[in-house]
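Text of the file model20.cif, holding mmCIF, C-alpha atoms:
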```cif
data_structure
#
loop_
_atom_site.label_atom_id
_atom_site.label_comp_id
_atom_site.auth_asym_id
_atom_site.auth_seq_id
_atom_site.Cartn_x
_atom_site.Cartn_y
_atom_site.Cartn_z
CA MET A 299 -27.85 14.60 1.42
CA LEU A 300 -26.16 14.02 4.78
CA LYS A 301 -22.93 15.68 3.63
CA LYS A 302 -24.88 18.74 2.47
CA LEU A 303 -26.70 18.84 5.79
CA LEU A 304 -23.44 18.60 7.72
CA VAL A 305 -21.78 21.36 5.71
CA THR A 306 -24.79 23.62 6.19
CA PHE A 307 -24.85 23.08 9.94
CA LEU A 308 -21.10 23.61 10.27
CA LEU A 309 -21.42 26.97 8.54
CA LEU A 310 -24.40 27.94 10.69
CA SER A 311 -22.71 26.90 13.92
CA ALA A 312 -19.87 29.31 13.32
CA THR A 313 -22.24 32.27 13.71
CA ALA A 314 -24.98 30.91 15.95
CA VAL A 315 -25.59 32.42 19.38
CA VAL A 316 -25.07 29.60 21.86
CA GLN A 317 -27.19 29.04 24.95
CA PRO A 318 -27.22 26.42 27.70
CA ALA A 319 -28.97 23.12 27.06
CA VAL A 320 -32.54 23.11 28.26
CA ALA A 321 -33.54 19.43 28.26
CA SER A 322 -32.94 17.63 31.54
CA THR A 323 -33.92 14.14 30.39
CA PRO A 324 -32.97 12.83 26.93
CA PRO A 325 -35.49 10.82 24.95
CA ALA A 326 -34.98 7.09 24.51
CA THR A 327 -32.14 6.13 22.22
CA SER A 328 -33.22 4.61 18.89
CA ALA A 329 -32.31 1.00 18.23
CA ALA A 330 -30.13 2.05 15.31
CA ALA A 331 -28.12 4.56 17.36
CA SER A 332 -26.76 1.86 19.64
CA ASN A 333 -23.73 1.44 21.87
CA ASP A 334 -22.29 -0.74 19.08
CA LEU A 335 -21.96 2.35 16.88
CA VAL A 336 -20.44 4.33 19.74
CA SER A 337 -17.91 1.54 20.23
CA GLU A 338 -17.21 1.25 16.50
CA PHE A 339 -16.50 4.96 16.20
CA LEU A 340 -14.23 5.23 19.24
CA THR A 341 -12.36 2.04 18.38
CA GLU A 342 -11.76 3.40 14.90
CA LEU A 343 -10.33 6.52 16.51
CA THR A 344 -7.73 4.44 18.40
CA VAL A 345 -6.82 2.63 15.18
CA ARG A 346 -6.22 5.91 13.39
CA VAL A 347 -4.14 7.25 16.28
CA SER A 348 -1.92 4.18 16.01
CA ARG A 349 -1.76 4.27 12.22
CA ASP A 350 -0.83 7.94 12.12
CA ARG A 351 1.66 7.67 15.00
CA VAL A 352 0.03 10.30 17.20
CA ALA A 353 2.06 10.85 20.39
CA PRO A 354 0.66 9.72 23.77
CA THR A 355 0.11 13.20 25.19
CA LYS A 356 -1.57 14.49 22.05
CA SER A 357 -3.72 11.40 21.65
CA SER A 358 -4.93 11.75 25.25
CA ARG A 359 -6.13 15.26 24.40
CA LEU A 360 -7.79 14.06 21.19
CA TYR A 361 -9.66 11.20 22.88
CA ALA A 362 -10.76 13.46 25.71
CA TYR A 363 -12.15 16.19 23.47
CA VAL A 364 -13.99 13.71 21.25
CA ALA A 365 -15.57 11.94 24.23
CA TYR A 366 -16.21 15.28 25.98
CA SER A 367 -18.20 16.53 23.00
CA MET A 368 -20.18 13.29 22.92
CA PHE A 369 -20.97 13.65 26.61
CA LEU A 370 -22.07 17.27 26.22
CA ALA A 371 -24.31 16.33 23.29
CA SER A 372 -26.02 13.44 25.06
CA ALA A 373 -26.03 14.12 28.82
CA PRO A 374 -28.96 15.70 30.65
CA SER A 375 -28.15 19.19 31.90
CA ASP A 376 -28.45 18.07 35.53
CA ASP A 377 -25.84 15.31 35.19
CA MET A 378 -23.71 15.35 38.34
CA LEU A 379 -20.46 15.04 36.36
CA PHE A 380 -20.84 18.72 35.43
CA LYS A 381 -20.14 19.79 39.03
CA ASN A 382 -16.47 18.83 38.71
CA LEU A 383 -15.95 20.13 35.17
CA GLY A 384 -14.45 23.53 34.49
CA ASN A 385 -14.67 25.83 31.46
CA VAL A 386 -17.73 24.10 30.00
CA PRO A 387 -18.65 25.99 26.82
CA GLU A 388 -22.11 27.35 26.20
CA LEU A 389 -24.10 24.96 24.06
CA PRO A 390 -26.66 25.62 21.31
CA PRO A 391 -30.39 25.31 22.02
CA ARG A 392 -31.43 21.69 22.39
CA ALA A 393 -34.75 20.46 21.02
CA GLU A 394 -36.67 18.03 23.18
CA SER A 395 -36.98 15.62 20.27
CA ILE A 396 -33.31 15.00 19.53
CA ASP A 397 -31.85 11.53 19.67
CA PRO A 398 -28.95 11.87 22.15
CA VAL A 399 -26.76 9.19 20.61
CA VAL A 400 -27.08 10.53 17.07
CA ALA A 401 -26.26 13.97 18.47
CA ALA A 402 -23.27 12.51 20.31
CA LEU A 403 -21.96 10.75 17.21
CA ALA A 404 -22.39 13.92 15.16
CA ALA A 405 -20.47 15.86 17.81
CA GLY A 406 -17.69 13.33 18.32
CA THR A 407 -17.02 12.62 14.68
CA SER A 408 -17.03 16.35 13.86
CA VAL A 409 -14.56 17.14 16.64
CA ALA A 410 -12.32 14.28 15.55
CA ARG A 411 -12.30 15.53 12.00
CA ASN A 412 -11.54 19.09 13.10
CA ILE A 413 -8.68 18.45 15.52
CA PHE A 414 -7.09 15.22 14.24
CA LEU A 415 -3.44 16.10 13.81
CA VAL A 416 -2.83 14.40 10.45
CA ALA A 417 -4.46 16.31 7.59
CA ALA A 418 -4.87 13.30 5.29
CA ALA A 419 -6.76 11.42 8.00
CA ARG A 420 -9.31 14.22 8.27
CA THR A 421 -10.60 13.49 4.78
CA THR A 422 -11.00 9.77 5.34
CA PHE A 423 -12.44 10.41 8.78
CA GLY A 424 -15.05 12.66 7.24
CA GLU A 425 -16.16 9.73 5.08
CA PHE A 426 -16.31 7.50 8.13
CA ARG A 427 -18.39 10.15 9.90
CA ASP A 428 -20.93 10.23 7.09
CA ARG A 429 -21.28 6.45 7.06
CA ILE A 430 -21.72 6.04 10.80
CA LEU A 431 -24.28 8.85 10.99
CA ARG A 432 -26.29 7.27 8.18
CA SER A 433 -26.36 4.03 10.17
CA ALA A 434 -27.26 5.75 13.42
CA ALA A 435 -30.10 7.81 11.98
CA LYS A 436 -31.63 5.40 9.48
CA ASP A 437 -34.71 4.67 11.61
CA LEU A 438 -35.37 8.26 12.63
CA SER A 439 -37.75 10.71 11.05
CA ALA A 440 -36.15 13.36 8.87
CA SER A 441 -36.93 16.10 11.38
CA VAL A 442 -35.43 14.22 14.35
CA GLU A 443 -32.37 13.33 12.28
CA GLN A 444 -31.86 16.95 11.28
CA GLU A 445 -32.35 18.31 14.79
CA SER A 446 -30.01 15.68 16.27
CA VAL A 447 -27.24 16.23 13.75
CA LYS A 448 -27.64 20.00 13.98
CA TYR A 449 -27.34 19.94 17.75
CA GLY A 450 -24.35 17.60 17.69
CA ILE A 451 -22.50 19.78 15.21
CA GLY A 452 -23.32 22.86 17.27
CA VAL A 453 -21.81 21.18 20.31
CA ALA A 454 -18.76 20.24 18.24
CA ALA A 455 -18.27 23.87 17.21
CA ALA A 456 -18.33 24.95 20.87
CA VAL A 457 -15.83 22.23 21.82
CA VAL A 458 -13.49 23.04 18.92
CA ALA A 459 -13.52 26.66 20.10
CA ARG A 460 -12.41 25.41 23.52
CA THR A 461 -9.53 23.49 21.93
CA ASN A 462 -8.32 26.74 20.40
CA ALA A 463 -8.06 28.36 23.83
CA ASP A 464 -6.70 25.52 25.99
CA GLY A 465 -3.02 26.40 25.66
CA PHE A 466 -2.11 23.64 23.21
CA GLU A 467 -0.43 25.89 20.62
CA GLU A 468 1.37 27.87 23.33
CA SER A 469 2.67 24.65 24.92
CA LYS A 470 4.62 23.86 21.76
CA LYS A 471 6.85 26.88 22.37
CA ALA A 472 7.88 25.85 25.87
CA MET A 473 11.41 24.71 26.62
CA ALA A 474 12.55 22.26 29.27
CA PRO A 475 13.99 23.91 32.40
CA ASP A 476 17.63 24.83 31.85
CA VAL A 477 19.05 23.03 34.87
CA LYS A 478 22.12 20.85 35.15
CA GLY A 479 23.74 18.79 37.86
CA PRO A 480 23.75 15.39 39.55
CA GLY A 481 20.49 13.53 39.12
CA ILE A 482 19.10 15.93 36.49
CA TRP A 483 17.56 14.52 33.31
CA VAL A 484 19.57 14.58 30.09
CA PRO A 485 18.70 13.21 26.63
CA THR A 486 19.22 9.46 26.35
CA GLN A 487 19.63 6.67 23.85
CA PRO A 488 18.45 5.60 21.37
CA GLY A 489 18.17 9.00 19.67
CA TYR A 490 19.28 11.52 22.32
CA GLN A 491 16.06 13.32 21.49
CA PRO A 492 15.34 16.70 23.13
CA ALA A 493 12.71 16.78 25.86
CA ILE A 494 9.21 16.01 24.61
CA ASP A 495 6.27 18.25 25.57
CA PRO A 496 7.91 20.29 28.36
CA GLY A 497 4.97 22.71 28.24
CA TRP A 498 2.21 20.11 28.48
CA ALA A 499 1.40 21.03 32.08
CA THR A 500 0.20 24.46 30.95
CA LEU A 501 -2.83 23.04 29.13
CA THR A 502 -6.27 23.66 30.58
CA THR A 503 -7.62 20.62 32.41
CA PHE A 504 -11.16 19.29 32.06
CA PHE A 505 -11.81 18.96 35.79
CA ASN A 506 -11.61 21.86 38.23
CA ASP A 507 -9.22 20.56 40.86
CA THR A 508 -6.89 18.02 39.25
CA LYS A 509 -3.96 20.45 39.14
CA LYS A 510 -4.06 20.55 42.93
CA CYS A 511 -2.45 17.09 42.86
CA THR A 512 1.30 17.40 43.44
CA LEU A 513 4.23 15.31 44.67
CA PRO A 514 7.16 15.97 47.02
CA ASP A 515 10.74 15.79 45.86
CA PRO A 516 11.68 12.17 45.12
CA PRO A 517 13.69 10.19 47.69
CA THR A 518 17.36 9.84 46.80
CA SER A 519 20.27 7.62 47.81
CA GLY A 520 21.98 10.37 49.76
CA ASN A 521 24.98 10.33 47.42
CA SER A 522 25.29 13.91 46.21
CA SER A 523 27.29 12.90 43.12
CA SER A 524 24.82 10.19 42.08
CA PRO A 525 21.53 10.71 43.97
CA PHE A 526 19.62 7.95 42.15
CA GLN A 527 22.34 5.30 42.17
CA GLY A 528 20.51 3.06 44.62
CA ALA A 529 17.28 3.19 42.65
CA ALA A 530 19.17 2.44 39.42
CA GLU A 531 20.89 -0.60 40.93
CA GLU A 532 17.49 -2.16 41.49
CA VAL A 533 16.63 -1.56 37.83
CA ALA A 534 19.93 -3.19 36.80
CA THR A 535 19.24 -6.22 38.98
CA VAL A 536 15.75 -6.67 37.54
CA ALA A 537 17.05 -6.21 33.98
CA LYS A 538 19.78 -8.82 34.52
CA ASN A 539 17.23 -11.40 35.69
CA LEU A 540 14.27 -10.63 33.45
CA THR A 541 12.00 -13.61 32.92
CA GLU A 542 10.10 -14.27 29.72
CA GLU A 543 6.89 -13.40 31.59
CA GLN A 544 8.31 -10.03 32.64
CA LYS A 545 9.43 -9.32 29.09
CA SER A 546 5.94 -10.19 27.89
CA ILE A 547 4.42 -7.77 30.43
CA ALA A 548 6.80 -5.00 29.34
CA ARG A 549 5.85 -5.47 25.69
CA PHE A 550 2.14 -5.78 26.44
CA TRP A 551 1.93 -2.39 28.15
CA ASP A 552 4.46 -0.59 25.93
CA ASP A 553 1.71 1.31 24.05
CA SER A 554 4.31 3.56 22.46
CA ARG A 555 3.66 5.79 19.49
CA GLY A 556 2.73 3.82 16.39
CA ARG A 557 2.37 0.48 18.22
CA THR A 558 -1.13 0.94 19.62
CA GLY A 559 -3.65 3.69 20.29
CA THR A 560 -1.22 4.80 23.05
CA PRO A 561 -1.88 4.35 26.82
CA ALA A 562 -4.94 6.62 26.77
CA GLY A 563 -6.44 4.64 23.90
CA HIS A 564 -5.68 1.35 25.63
CA TRP A 565 -7.72 2.42 28.67
CA LEU A 566 -10.44 3.90 26.46
CA GLU A 567 -10.91 0.47 24.87
CA ILE A 568 -10.95 -1.23 28.27
CA ALA A 569 -13.72 1.19 29.27
CA LEU A 570 -15.67 0.39 26.10
CA VAL A 571 -15.41 -3.37 26.57
CA ALA A 572 -16.42 -3.14 30.23
CA GLY A 573 -19.45 -1.06 29.32
CA LEU A 574 -20.53 -3.40 26.55
CA GLU A 575 -20.12 -6.51 28.68
CA LYS A 576 -22.15 -4.86 31.44
CA ASN A 577 -24.91 -4.11 28.88
CA THR A 578 -24.55 -0.40 29.50
CA ASP A 579 -26.87 1.73 27.40
CA ALA A 580 -25.27 4.04 24.87
CA VAL A 581 -25.76 7.29 26.81
CA LYS A 582 -24.17 5.86 29.95
CA LEU A 583 -21.39 4.26 27.89
CA ILE A 584 -20.58 7.69 26.46
CA ARG A 585 -20.48 9.10 29.99
CA VAL A 586 -18.11 6.37 31.20
CA VAL A 587 -15.74 6.82 28.27
CA ALA A 588 -15.87 10.61 28.55
CA HIS A 589 -15.19 10.57 32.29
CA THR A 590 -12.30 8.11 31.85
CA SER A 591 -10.78 9.93 28.88
CA MET A 592 -11.02 13.39 30.44
CA ALA A 593 -9.53 12.10 33.70
CA VAL A 594 -6.68 10.42 31.80
CA SER A 595 -6.06 13.61 29.82
CA ASP A 596 -5.85 15.59 33.06
CA SER A 597 -3.59 12.89 34.47
CA PHE A 598 -1.14 13.41 31.59
CA ILE A 599 -1.18 17.17 32.18
CA VAL A 600 -0.51 16.80 35.91
CA ASN A 601 2.08 14.05 35.38
CA PHE A 602 4.10 16.11 32.92
CA GLY A 603 3.98 19.05 35.27
CA GLU A 604 5.64 16.91 37.93
CA LYS A 605 8.15 15.46 35.48
CA TYR A 606 9.46 18.86 34.47
CA GLU A 607 9.25 20.20 38.01
CA HIS A 608 11.63 17.55 39.35
CA MET A 609 13.67 16.73 36.19
CA VAL A 610 14.80 13.29 37.42
CA GLU A 611 17.30 11.41 35.26
CA ARG A 612 16.51 8.03 33.74
CA PRO A 613 17.99 4.68 34.87
CA ILE A 614 19.98 4.36 31.65
CA THR A 615 21.82 7.61 32.43
CA VAL A 616 22.90 6.37 35.86
CA LEU A 617 23.83 2.85 34.79
CA GLN A 618 25.83 3.84 31.72
CA ARG A 619 28.22 5.81 33.91
CA SER A 620 29.69 2.52 35.10
CA ASP A 621 28.71 0.37 32.11
CA PRO A 622 28.53 2.31 28.82
CA GLN A 623 27.06 -0.77 27.10
CA TRP A 624 24.06 -1.06 29.42
CA SER A 625 20.69 -0.70 27.68
CA SER A 626 17.08 -0.98 28.75
CA TYR A 627 14.73 -3.67 27.46
CA LEU A 628 12.35 -1.02 26.12
CA PRO A 629 13.52 2.23 24.49
CA THR A 630 13.75 5.03 27.06
CA PRO A 631 11.23 7.86 26.42
CA ALA A 632 12.58 11.37 25.90
CA PHE A 633 11.33 13.07 29.05
CA PRO A 634 12.17 12.96 32.78
CA GLU A 635 11.54 9.89 34.92
CA TYR A 636 9.65 11.05 38.01
CA PRO A 637 6.81 10.15 38.19
CA SER A 638 5.93 7.29 35.84
CA GLY A 639 3.31 8.30 33.28
CA HIS A 640 2.00 4.74 32.87
CA SER A 641 1.56 4.43 36.63
CA THR A 642 -0.22 7.77 36.89
CA ILE A 643 -2.71 7.45 34.06
CA SER A 644 -3.40 3.74 34.66
CA LYS A 645 -4.28 4.34 38.30
CA THR A 646 -6.50 7.26 37.32
CA ALA A 647 -8.33 5.19 34.72
CA ALA A 648 -8.67 2.18 37.01
CA ASP A 649 -10.15 4.21 39.86
CA VAL A 650 -12.65 5.95 37.58
CA LEU A 651 -13.74 2.67 35.98
CA THR A 652 -14.03 0.96 39.35
CA SER A 653 -16.39 3.74 40.46
CA TYR A 654 -18.73 2.70 37.62
CA PHE A 655 -18.36 -1.06 37.43
CA GLY A 656 -16.79 -2.21 40.69
CA ILE A 657 -14.50 -5.24 40.60
CA TRP A 658 -14.56 -6.59 37.06
CA SER A 659 -12.33 -9.38 35.75
CA PHE A 660 -11.45 -9.27 32.08
CA THR A 661 -9.09 -10.52 29.40
CA ASP A 662 -7.22 -7.89 27.43
CA PRO A 663 -6.05 -9.18 24.02
CA GLY A 664 -3.78 -6.18 23.54
CA TYR A 665 -6.23 -3.42 22.75
CA GLY A 666 -5.29 -1.16 19.88
CA LEU A 667 -3.20 -3.82 18.15
CA THR A 668 -4.26 -5.62 14.98
CA GLN A 669 -3.71 -9.36 14.77
CA GLU A 670 -0.68 -8.65 12.60
CA SER A 671 0.72 -6.20 15.14
CA ARG A 672 0.17 -8.62 18.01
CA ALA A 673 2.31 -11.15 16.20
CA LYS A 674 4.93 -8.58 15.18
CA PHE A 675 5.36 -7.27 18.73
CA GLU A 676 4.88 -10.70 20.33
CA VAL A 677 1.93 -9.56 22.41
CA THR A 678 -0.32 -12.24 23.90
CA PRO A 679 -3.61 -11.72 25.80
CA ARG A 680 -3.49 -11.10 29.53
CA THR A 681 -6.22 -11.62 32.12
CA PHE A 682 -6.84 -9.38 35.13
CA SER A 683 -8.97 -9.77 38.25
CA SER A 684 -9.83 -6.07 38.35
CA PHE A 685 -9.12 -2.69 36.79
CA ASP A 686 -6.67 -2.04 39.62
CA ALA A 687 -4.82 -5.29 38.93
CA ALA A 688 -4.37 -4.17 35.33
CA ALA A 689 -3.15 -0.75 36.48
CA LYS A 690 -0.61 -2.36 38.82
CA GLU A 691 0.76 -4.49 36.02
CA ALA A 692 0.93 -1.48 33.69
CA SER A 693 2.97 0.27 36.37
CA ILE A 694 5.46 -2.54 37.07
CA SER A 695 5.88 -3.07 33.32
CA ARG A 696 8.00 0.09 33.22
CA LEU A 697 10.45 -1.36 35.75
CA TYR A 698 10.67 -4.52 33.64
CA GLY A 699 11.29 -2.32 30.62
CA GLY A 700 14.27 -0.78 32.40
CA ILE A 701 13.00 2.76 32.01
CA GLN A 702 11.58 3.63 35.46
CA PHE A 703 12.77 3.52 39.07
CA THR A 704 10.47 2.04 41.67
CA ILE A 705 10.18 5.51 43.18
CA GLY A 706 8.76 6.69 39.86
CA LEU A 707 6.20 3.91 39.89
CA THR A 708 4.94 4.39 43.45
CA SER A 709 4.77 8.16 43.10
CA GLY A 710 2.86 7.78 39.85
CA VAL A 711 0.25 5.59 41.53
CA THR A 712 -0.14 8.17 44.30
CA LEU A 713 -0.54 10.98 41.78
CA GLY A 714 -2.98 9.00 39.64
CA ALA A 715 -5.18 8.20 42.63
CA CYS A 716 -5.27 11.88 43.53
CA VAL A 717 -6.29 12.91 40.03
CA ALA A 718 -9.08 10.33 39.93
CA SER A 719 -10.39 11.46 43.31
CA LYS A 720 -10.77 15.03 42.07
CA THR A 721 -13.07 13.81 39.27
CA LEU A 722 -15.38 11.59 41.33
#
```
Starting from the file, give its structure as structure tokens.
Amino acid sequence: MLKKLLVTFLLLSATAVVQPAVASTPPATSAAASNDLVSEFLTELTVRVSRDRVAPTKSSRLYAYVAYSMFLASAPSDDMLFKNLGNVPELPPRAESIDPVVAALAAGTSVARNIFLVAAARTTFGEFRDRILRSAAKDLSASVEQESVKYGIGVAAAVVARTNADGFEESKKAMAPDVKGPGIWVPTQPGYQPAIDPGWATLTTFFNDTKKCTLPDPPTSGNSSSPFQGAAEEVATVAKNLTEEQKSIARFWDDSRGRTGTPAGHWLEIALVAGLEKNTDAVKLIRVVAHTSMAVSDSFIVNFGEKYEHMVERPITVLQRSDPQWSSYLPTPAFPEYPSGHSTISKTAADVLTSYFGIWSFTDPGYGLTQESRAKFEVTPRTFSSFDAAAKEASISRLYGGIQFTIGLTSGVTLGACVASKTL
């Protein structure tokens, strides 16, 4: 019955005239449509991102759109977060009686199924969607269930339309700047892969002003033939003296494709756990996750814009000039160094989460990893005194991995703080 209802509403939403939401205060969430179901759904999304090896940039977009649709389906129309959001699509009429969490789950699961990058996963995700909606709506009347699901799917249709006009397909055609010379990025080991996502900065952001965040040219050593030699020597010194603790930190925050739900998913799960531990109700939990995920998505867009603006070479490129056998502890990503992506997005996420929960200490078991994966990658739990402490460790982990200069780390933190400030 639910599948038939979903199909019907998806067909209707393609032709419906959309209008702004009219309800300013959502009704109380049913006991069945709890924050546990919200958490189960979003955690499952990170698992599938890891399983299907979705890249960090693309996963950040996926998480953000899913959470964005959930926010739009559940938030009151006078929510203050709207003031900083740009290009919000028109939404279908909203009945006063809808359950906001059921609507949010209908929206989020429908968006995930529509834009998930791996076709095979869409089928299995559709089955997951049906199951979680049955659980969420089991205590509702038939009319409230239908109105809630209908509204959520209508929101999903509006959000999917936005994904088709955000520049994603066009970004795939972009080429890295054709520049050469001392200090300029070139492909590196292990695979000498061409530049990844050089057009990512052209995507439409979620927040109005995040693209106003920029960085100056990076400081150099003053040596025109090797402008980042001094910065690379520090990396070499750290690499030569790596402790087991530093290696553990590097592995913990690696979050590379196929290992975890990627950096964006790691912070999404931190947001979920913080919200659950703080006994946050489901509607607010959705808002927290949406705000964090959209800010992180914007942070990736802004970060990649800076990377391809400055085209800074990686430490391995500098150090192999004098020692061809030198290698980094972690594999070097296939895009320019400055600024550090981990530093940027982690600072953004930490500042957003601090705005909701203040100083919160927590233990991170290695979110996004199964028990088997934790053993395989030798990842052990780590405890942090605050979101910012976690962000700082995520940043320094890239120096320990041998893949970032300190100048890339500090600039990333600056950029991440700027992006977060534009969303608050």
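Using all atoms listed in the file, the nearest neighbour of Gly559 of chain A within the list A:Ala692, A:Ala499, A:Leu667, A:Leu574 is A:Leu667.
For Ile701 of chain A, the set of protein, DNA and RNA residues having any atom at most 8 Å away, when counting all atoms listed in the file and skipping those fewer than 3 positions along the same chain, is Arg612, Pro613, Ile614, Ser626, Leu628, Pro629, Thr630, Pro631, Glu635, Arg696, Leu697 and Tyr698 of chain A.
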Starting from the PyMOL selection byres ((chain A and resi 392-396) around 6), expand the selection into actual residues of this file and give them as a ChimeraX atom specification. /A:319,391,397-398,442,445-446
Would you mind listing what lies within 7 Å of Pro663 of chain A as a list in words, with only C-alpha atoms counted and same-chain residues fewer than 6 positions away left out? Thr678, Pro679 and Arg680 of chain A
Just need the box for segment 418-427 of chain A, edges along x, y and z, holding every atom the file lists for it with 5 Å tacked onto each side, so centre and edge lengths in Å to one decimal, as JSON.
```
{"center_x": -11.6, "center_y": 10.9, "center_z": 7.3, "size_x": 23.5, "size_y": 16.7, "size_z": 15.1}
```
Go through segment 472-516 of chain A residue by residue and, counting all atoms listed in the file, keep those with an atom at most 7 Å from segment 581-600 of chain A; for each kept residue give the shortest atom pair and its distance in Å to one decimal, ordered by chain and increasing number, as JSON lines.
```
{"residue": "A:Trp498", "atom": "CA", "partner": "A:Ile599", "partner_atom": "CA", "distance": 5.8}
{"residue": "A:Ala499", "atom": "CA", "partner": "A:Ile599", "partner_atom": "CA", "distance": 4.6}
{"residue": "A:Leu501", "atom": "CA", "partner": "A:Ile599", "partner_atom": "CA", "distance": 6.8}
{"residue": "A:Thr503", "atom": "CA", "partner": "A:Asp596", "partner_atom": "CA", "distance": 5.4}
{"residue": "A:Phe504", "atom": "CA", "partner": "A:Met592", "partner_atom": "CA", "distance": 6.1}
{"residue": "A:Thr508", "atom": "CA", "partner": "A:Asp596", "partner_atom": "CA", "distance": 6.7}
{"residue": "A:Lys509", "atom": "CA", "partner": "A:Val600", "partner_atom": "CA", "distance": 6.0}
```
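Between Thr708 of chain A and the candidates A:Asn385, A:Ser641, A:Ser357, A:Thr422, the tightest atom-to-atom separation, counting all atoms listed in the file, involves A:Ser641.
Near Lys690 of chain A, within a cut-off of 10 Å and counting only C-alpha atoms, sit the residues His640, Ser641, Ser644, Lys645, Ala648, Ser684, Phe685, Ser695, Leu707, Thr708 and Val711 of chain A, with same-chain residues fewer than 5 positions away left out.
Reported to one decimal place, the separation of atom CA of Tyr361 of chain A from atom CA of Tyr627 of chain A is 28.9 Å.
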Counting all atoms listed in the file, the residue among A:Ala580, A:Val616, A:Ala632, A:Leu438 that lies closest to Glu532 of chain A is A:Val616
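The nearest approach to Val571 of chain A among the residues A:Leu651, A:Val352, A:Ala689, A:Cys716, with only C-alpha atoms taken into account, belongs to A:Leu651.
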Would you list the residues near (-13.2, 17.1, 25.2), meaning any protein, DNA or RNA residue with an atom at most 10 Å from that point in file coordinates, counting only C-alpha atoms, as a ChimeraX atom specification? /A:358-370,386,406,409,454,457-458,460-461,503-504,588-589,591-592,595
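Of the listed residues A:Ala548, A:Ala688, A:Ala562, A:Ala410, the one whose atoms come nearest to Phe675 of chain A is A:Ala548, with distances taken using all atoms listed in the file.
The smallest atom-to-atom distance between Ala715 of chain A and any of A:Leu335, A:Cys511, A:Asp428, A:Lys436, using all atoms listed in the file, is found for A:Cys511.
The spacing separating atom CA of Glu676 of chain A from atom CA of Glu543 of chain A amounts to 11.8 Å.
Point (3.1, -2.0, 24.6) has the following residues at most 10 Å away: Ser546, Ile547, Ala548, Arg549, Phe550, Trp551, Asp552, Asp553, Ser554, Arg555, Arg557, Thr558, Gly559, Thr560, Pro561, His564, Leu628, Gly664, Tyr665, Gly666, Leu667, Arg672, Phe675, Glu676, Val677, Ala692 and Ser695 of chain A (atoms considered: all atoms listed in the file).
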Could you give me segment 572-583 of chain A completed to N, CA and C atoms, formatted as a PDB file, in the coordinates of the input?
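Wrote rebuild06.pdb, looks like this:
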```
ATOM      1  N   ALA A 572     -15.729  -2.973  28.948  1.00  0.00           N
ATOM      2  CA  ALA A 572     -16.420  -3.140  30.230  1.00  0.00           C
ATOM      3  C   ALA A 572     -17.877  -2.704  30.107  1.00  0.00           C
ATOM      4  N   GLY A 573     -18.099  -1.559  29.482  1.00  0.00           N
ATOM      5  CA  GLY A 573     -19.450  -1.060  29.320  1.00  0.00           C
ATOM      6  C   GLY A 573     -20.321  -1.969  28.485  1.00  0.00           C
ATOM      7  N   LEU A 574     -19.760  -2.510  27.406  1.00  0.00           N
ATOM      8  CA  LEU A 574     -20.530  -3.400  26.550  1.00  0.00           C
ATOM      9  C   LEU A 574     -20.845  -4.714  27.256  1.00  0.00           C
ATOM     10  N   GLU A 575     -19.868  -5.247  27.976  1.00  0.00           N
ATOM     11  CA  GLU A 575     -20.120  -6.510  28.680  1.00  0.00           C
ATOM     12  C   GLU A 575     -21.145  -6.334  29.790  1.00  0.00           C
ATOM     13  N   LYS A 576     -21.180  -5.137  30.379  1.00  0.00           N
ATOM     14  CA  LYS A 576     -22.150  -4.860  31.440  1.00  0.00           C
ATOM     15  C   LYS A 576     -23.515  -4.412  30.878  1.00  0.00           C
ATOM     16  N   ASN A 577     -23.663  -4.504  29.541  1.00  0.00           N
ATOM     17  CA  ASN A 577     -24.910  -4.110  28.880  1.00  0.00           C
ATOM     18  C   ASN A 577     -25.303  -2.666  29.185  1.00  0.00           C
ATOM     19  N   THR A 578     -24.315  -1.818  29.230  1.00  0.00           N
ATOM     20  CA  THR A 578     -24.550  -0.400  29.500  1.00  0.00           C
ATOM     21  C   THR A 578     -25.208   0.256  28.294  1.00  0.00           C
ATOM     22  N   ASP A 579     -26.237   1.051  28.532  1.00  0.00           N
ATOM     23  CA  ASP A 579     -26.870   1.730  27.400  1.00  0.00           C
ATOM     24  C   ASP A 579     -25.936   2.785  26.840  1.00  0.00           C
ATOM     25  N   ALA A 580     -26.209   3.199  25.605  1.00  0.00           N
ATOM     26  CA  ALA A 580     -25.270   4.040  24.870  1.00  0.00           C
ATOM     27  C   ALA A 580     -24.976   5.359  25.564  1.00  0.00           C
ATOM     28  N   VAL A 581     -25.978   5.994  26.151  1.00  0.00           N
ATOM     29  CA  VAL A 581     -25.760   7.290  26.810  1.00  0.00           C
ATOM     30  C   VAL A 581     -24.849   7.134  28.017  1.00  0.00           C
ATOM     31  N   LYS A 582     -25.057   6.089  28.800  1.00  0.00           N
ATOM     32  CA  LYS A 582     -24.170   5.860  29.950  1.00  0.00           C
ATOM     33  C   LYS A 582     -22.777   5.462  29.477  1.00  0.00           C
ATOM     34  N   LEU A 583     -22.696   4.658  28.416  1.00  0.00           N
ATOM     35  CA  LEU A 583     -21.390   4.260  27.890  1.00  0.00           C
ATOM     36  C   LEU A 583     -20.588   5.490  27.480  1.00  0.00           C
TER      37      LEU A 583
END
```
